[in-house]
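Peer 1: Can you keep this structure in mind? I'll have questions shortly.
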Amino acid sequence: MDLEWVIENKTVPLEVTETLQQIADYYRYTADQMHQQKLQIVTELYQRNKGYIVKFLFPNGLDDNDRWIHALIRTEVRRLQK
């Protein structure tokens, strides 16, 4: 599985959802709160040296929410499956 396959099939790598879940747990955010605090989450990702996740989630800039929303949904689904 390569990056093109991941992008084409709209899958979200496990590292992305696990990192988002760690941030959500730290701030005790729900998925809705994560979306509302998007800029804070982006800043947190950069502080954790995970800017590549920001580039994955927002390939066309922070106004492009398609992957971001999908990642939040996948994060919540994976959390519920544990």
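Each chain in the structure tokens gets a letter, A, B, ..., in the order shown, and its residues are numbered from 1; ligands are numbered from 1 in order too.
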Could you give me the residues within chain A that DSSP places in alpha helix (DSSP H), as a ChimeraX atom specification?
Peer 2: /A:3-8,14-27,31-36,38-47,51-57,66-81
Peer 1: Between atom CA of Tyr46 of chain A and atom CA of Gln81 of chain A, measure the distance and give it in Å to one decimal.
Peer 2: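 Here the two named atoms are 27.7 Å from each other.
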Peer 1: For Val77 of chain A, find every residue with an atom within 12 Å (counting only C-alpha atoms), except residues of its own chain fewer than 6 positions away, and show them as JSON, numbers by chain.
Peer 2: {"A": [12, 14, 17, 18, 21, 31, 70, 71]}
Peer 1: Would you save the residues from that selection as a PDB file, in the first residue's frame, using N, CA and C atoms?
Peer 2:
```
ATOM      1  N   VAL A  12      -7.343   6.406   6.168  1.00  0.00           N
ATOM      2  CA  VAL A  12      -6.590   7.265   7.078  1.00  0.00           C
ATOM      3  C   VAL A  12      -5.592   6.373   7.813  1.00  0.00           C
ATOM      4  N   LEU A  14      -3.201   4.630  10.421  1.00  0.00           N
ATOM      5  CA  LEU A  14      -3.371   4.419  11.847  1.00  0.00           C
ATOM      6  C   LEU A  14      -2.609   5.459  12.667  1.00  0.00           C
ATOM      7  N   THR A  17      -4.801   8.608  13.075  1.00  0.00           N
ATOM      8  CA  THR A  17      -5.913   8.503  14.025  1.00  0.00           C
ATOM      9  C   THR A  17      -5.415   8.331  15.456  1.00  0.00           C
ATOM     10  N   GLU A  18      -4.312   7.600  15.630  1.00  0.00           N
ATOM     11  CA  GLU A  18      -3.778   7.435  16.982  1.00  0.00           C
ATOM     12  C   GLU A  18      -3.275   8.762  17.543  1.00  0.00           C
ATOM     13  N   GLN A  21      -6.209  10.861  18.402  1.00  0.00           N
ATOM     14  CA  GLN A  21      -6.839  10.354  19.628  1.00  0.00           C
ATOM     15  C   GLN A  21      -6.047  10.754  20.858  1.00  0.00           C
ATOM     16  N   ALA A  31     -15.122  14.564  19.038  1.00  0.00           N
ATOM     17  CA  ALA A  31     -14.823  14.828  17.625  1.00  0.00           C
ATOM     18  C   ALA A  31     -15.318  16.221  17.222  1.00  0.00           C
ATOM     19  N   HIS A  70     -12.945  13.361   7.535  1.00  0.00           N
ATOM     20  CA  HIS A  70     -12.861  11.905   7.404  1.00  0.00           C
ATOM     21  C   HIS A  70     -11.962  11.320   8.499  1.00  0.00           C
ATOM     22  N   ALA A  71     -10.845  11.980   8.794  1.00  0.00           N
ATOM     23  CA  ALA A  71      -9.928  11.504   9.837  1.00  0.00           C
ATOM     24  C   ALA A  71     -10.587  11.556  11.214  1.00  0.00           C
TER      25      ALA A  71
END
```
